[in-house]
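Undergrad: Right, I'll just put the structure down here and ask away after.
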Amino acid sequence: MPFIQVNILKGRSPEKKERLIREMTDLVSDVLDAPVQSVRVMINELEPEHWGIAGESVKKRNEVSK
């Protein structure tokens, strides 16, 4: 049973997340020849202050770029 975990920053619409789940399910099903019913997708949404790039949080990077 394929189980996919995706980490994304908070802020995407429910529609975008539904699309991500659907398209990842279809892709994994196709690539692994697995039944769609067996594919599991988990989205982990992270706060911008909990994700770091090059030594600083995304929250701080976004504040600086404004």
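To be explicit about the labels: the chains of the structure tokens are called A, B, and onward in the order shown, and within each one the residues are counted from 1, while ligands get numbers from 1 in the order they are shown.
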Would you kindly return, as a PDB file with C-alpha atoms, in the first residue's frame, each protein, DNA or RNA residue with an atom no farther than 10 Å from any atom of region 43-50 of chain A, considering only C-alpha atoms and excluding same-chain residues fewer than 3 positions away?

TA:
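Saved as out05.pdb:
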ATOM      1  CA  ILE A   4       2.902   9.451   0.477  1.00  0.00           C
ATOM      2  CA  GLN A   5       3.631  12.327   2.863  1.00  0.00           C
ATOM      3  CA  VAL A   6       3.893  15.884   1.580  1.00  0.00           C
ATOM      4  CA  ASN A   7       5.170  18.835   3.606  1.00  0.00           C
ATOM      5  CA  ILE A   8       3.875  22.238   2.520  1.00  0.00           C
ATOM      6  CA  LEU A   9       3.589  25.662   4.069  1.00  0.00           C
ATOM      7  CA  LYS A  10       0.171  26.634   5.382  1.00  0.00           C
ATOM      8  CA  GLY A  11      -1.919  28.870   3.191  1.00  0.00           C
ATOM      9  CA  ARG A  12      -3.068  26.758   0.251  1.00  0.00           C
ATOM     10  CA  LYS A  17      -4.972  20.446  -1.499  1.00  0.00           C
ATOM     11  CA  LEU A  20      -2.737  17.678  -4.959  1.00  0.00           C
ATOM     12  CA  ILE A  21      -4.176  14.574  -3.302  1.00  0.00           C
ATOM     13  CA  GLU A  56      16.393  31.567   8.635  1.00  0.00           C
ATOM     14  CA  SER A  57      12.699  30.840   8.798  1.00  0.00           C
ATOM     15  CA  VAL A  58      10.445  31.352   5.805  1.00  0.00           C
ATOM     16  CA  LYS A  59       8.446  33.773   7.952  1.00  0.00           C
ATOM     17  CA  LYS A  60      11.521  35.963   8.481  1.00  0.00           C
ATOM     18  CA  ARG A  61      12.534  35.685   4.802  1.00  0.00           C
ATOM     19  CA  ASN A  62       9.042  36.784   3.740  1.00  0.00           C
TER      20      ASN A  62
END

Undergrad: Which residues, written as a VMD selection string, have at least one atom at most 12 Å from region 31-36 of chain A, with only C-alpha atoms counted and residues fewer than 3 positions away on the same chain left out?

TA: chain A and resid 1 to 3 21 to 28 39 to 41

Undergrad: So, with only C-alpha atoms as the atoms that count, which of A:Ser13, A:Ser29, A:Glu18, A:Gly55 lies closest to Met42 (chain A)?

TA: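 Answer, going by the shortest atom-to-atom distance: A:Glu18.
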
Undergrad: Going by DSSP on the backbone, which residues of chain A come out as strand (DSSP E)? List them as a ChimeraX atom specification.

TA: /A:3-9,40-46,52-53,56-57

Undergrad: Please identify the helix (DSSP H, G or I) residues within chain A (assignment by DSSP from backbone atoms) and present them as a tab-separated table (two decimals) with N, CA, C and O atoms, in the first residue's frame.

TA:
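Everything below was put into part14.tsv:
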chain	number	residue	atom	x	y	z
A	14	PRO	N	-8.32	24.81	0.23
A	14	PRO	CA	-8.77	23.41	0.25
A	14	PRO	C	-8.84	22.81	-1.15
A	14	PRO	O	-8.53	21.63	-1.33
A	15	GLU	N	-9.20	23.60	-2.13
A	15	GLU	CA	-9.27	23.12	-3.51
A	15	GLU	C	-7.90	22.70	-4.03
A	15	GLU	O	-7.77	21.67	-4.71
A	16	LYS	N	-6.88	23.46	-3.72
A	16	LYS	CA	-5.51	23.12	-4.14
A	16	LYS	C	-5.05	21.82	-3.48
A	16	LYS	O	-4.42	20.97	-4.11
A	17	LYS	N	-5.37	21.66	-2.21
A	17	LYS	CA	-4.97	20.45	-1.50
A	17	LYS	C	-5.72	19.23	-2.04
A	17	LYS	O	-5.14	18.16	-2.19
A	18	GLU	N	-7.00	19.39	-2.35
A	18	GLU	CA	-7.76	18.29	-2.96
A	18	GLU	C	-7.15	17.90	-4.30
A	18	GLU	O	-7.03	16.71	-4.61
A	19	ARG	N	-6.77	18.90	-5.09
A	19	ARG	CA	-6.14	18.61	-6.39
A	19	ARG	C	-4.82	17.88	-6.20
A	19	ARG	O	-4.51	16.93	-6.93
A	20	LEU	N	-4.02	18.33	-5.23
A	20	LEU	CA	-2.74	17.68	-4.96
A	20	LEU	C	-2.94	16.21	-4.59
A	20	LEU	O	-2.26	15.33	-5.12
A	21	ILE	N	-3.89	15.95	-3.71
A	21	ILE	CA	-4.18	14.57	-3.30
A	21	ILE	C	-4.60	13.74	-4.50
A	21	ILE	O	-4.11	12.63	-4.72
A	22	ARG	N	-5.50	14.27	-5.30
A	22	ARG	CA	-6.01	13.54	-6.46
A	22	ARG	C	-4.90	13.24	-7.46
A	22	ARG	O	-4.74	12.10	-7.92
A	23	GLU	N	-4.11	14.27	-7.81
A	23	GLU	CA	-3.08	14.08	-8.83
A	23	GLU	C	-1.94	13.20	-8.35
A	23	GLU	O	-1.39	12.41	-9.11
A	24	MET	N	-1.56	13.33	-7.07
A	24	MET	CA	-0.51	12.45	-6.54
A	24	MET	C	-0.99	11.00	-6.51
A	24	MET	O	-0.25	10.09	-6.83
A	25	THR	N	-2.24	10.81	-6.14
A	25	THR	CA	-2.81	9.47	-6.12
A	25	THR	C	-2.78	8.86	-7.51
A	25	THR	O	-2.34	7.71	-7.70
A	26	ASP	N	-3.24	9.62	-8.50
A	26	ASP	CA	-3.25	9.11	-9.87
A	26	ASP	C	-1.84	8.78	-10.37
A	26	ASP	O	-1.62	7.74	-10.99
A	27	LEU	N	-0.87	9.66	-10.08
A	27	LEU	CA	0.50	9.45	-10.53
A	27	LEU	C	1.11	8.21	-9.89
A	27	LEU	O	1.69	7.36	-10.57
A	28	VAL	N	0.98	8.10	-8.57
A	28	VAL	CA	1.56	6.96	-7.87
A	28	VAL	C	0.89	5.66	-8.32
A	28	VAL	O	1.56	4.64	-8.54
A	29	SER	N	-0.41	5.70	-8.50
A	29	SER	CA	-1.13	4.53	-8.99
A	29	SER	C	-0.58	4.09	-10.34
A	29	SER	O	-0.34	2.90	-10.57
A	30	ASP	N	-0.37	5.05	-11.23
A	30	ASP	CA	0.14	4.76	-12.57
A	30	ASP	C	1.58	4.24	-12.53
A	30	ASP	O	1.89	3.20	-13.11
A	31	VAL	N	2.45	4.93	-11.83
A	31	VAL	CA	3.87	4.58	-11.81
A	31	VAL	C	4.11	3.23	-11.13
A	31	VAL	O	4.90	2.42	-11.59
A	32	LEU	N	3.39	2.98	-10.04
A	32	LEU	CA	3.61	1.75	-9.28
A	32	LEU	C	2.64	0.62	-9.64
A	32	LEU	O	2.68	-0.44	-9.04
A	36	VAL	N	-5.85	2.55	-7.25
A	36	VAL	CA	-6.08	3.87	-6.67
A	36	VAL	C	-6.56	3.74	-5.22
A	36	VAL	O	-6.16	4.51	-4.35
A	37	GLN	N	-7.38	2.74	-4.96
A	37	GLN	CA	-7.93	2.55	-3.62
A	37	GLN	C	-6.87	2.25	-2.57
A	37	GLN	O	-7.10	2.42	-1.38
A	38	SER	N	-5.69	1.82	-3.01
A	38	SER	CA	-4.64	1.48	-2.05
A	38	SER	C	-3.70	2.64	-1.74
A	38	SER	O	-2.87	2.54	-0.85
A	48	PRO	N	5.06	28.97	8.66
A	48	PRO	CA	6.27	29.55	8.05
A	48	PRO	C	7.44	29.67	9.02
A	48	PRO	O	8.59	29.58	8.61
A	49	GLU	N	7.16	29.85	10.31
A	49	GLU	CA	8.26	29.95	11.28
A	49	GLU	C	8.86	28.59	11.63
A	49	GLU	O	9.88	28.52	12.30
A	50	HIS	N	8.25	27.51	11.14
A	50	HIS	CA	8.76	26.17	11.40
A	50	HIS	C	9.52	25.58	10.22
A	50	HIS	O	9.89	24.41	10.24
A	58	VAL	N	11.16	30.79	6.96
A	58	VAL	CA	10.44	31.35	5.80
A	58	VAL	C	9.69	32.60	6.23
A	58	VAL	O	9.61	33.58	5.49
A	59	LYS	N	9.16	32.59	7.44
A	59	LYS	CA	8.45	33.77	7.95
A	59	LYS	C	9.36	35.00	7.93
A	59	LYS	O	8.99	36.05	7.43
A	60	LYS	N	10.58	34.85	8.45
A	60	LYS	CA	11.52	35.96	8.48
A	60	LYS	C	11.91	36.37	7.06
A	60	LYS	O	11.99	37.56	6.74
A	61	ARG	N	12.16	35.38	6.19
A	61	ARG	CA	12.53	35.69	4.80
A	61	ARG	C	11.43	36.46	4.10
A	61	ARG	O	11.70	37.40	3.35
A	62	ASN	N	10.16	36.08	4.36
A	62	ASN	CA	9.04	36.78	3.74
A	62	ASN	C	8.91	38.21	4.27
A	62	ASN	O	8.55	39.11	3.53
A	63	GLU	N	9.18	38.41	5.55
A	63	GLU	CA	9.11	39.76	6.13
A	63	GLU	C	10.18	40.66	5.54
A	63	GLU	O	9.94	41.83	5.26
A	64	VAL	N	11.35	40.12	5.31
A	64	VAL	CA	12.47	40.90	4.75
A	64	VAL	C	12.20	41.26	3.30
A	64	VAL	O	12.55	42.35	2.84
A	65	SER	N	11.56	40.36	2.55
A	65	SER	CA	11.36	40.61	1.11
A	65	SER	C	10.20	41.56	0.83
A	65	SER	O	10.00	41.93	-0.32
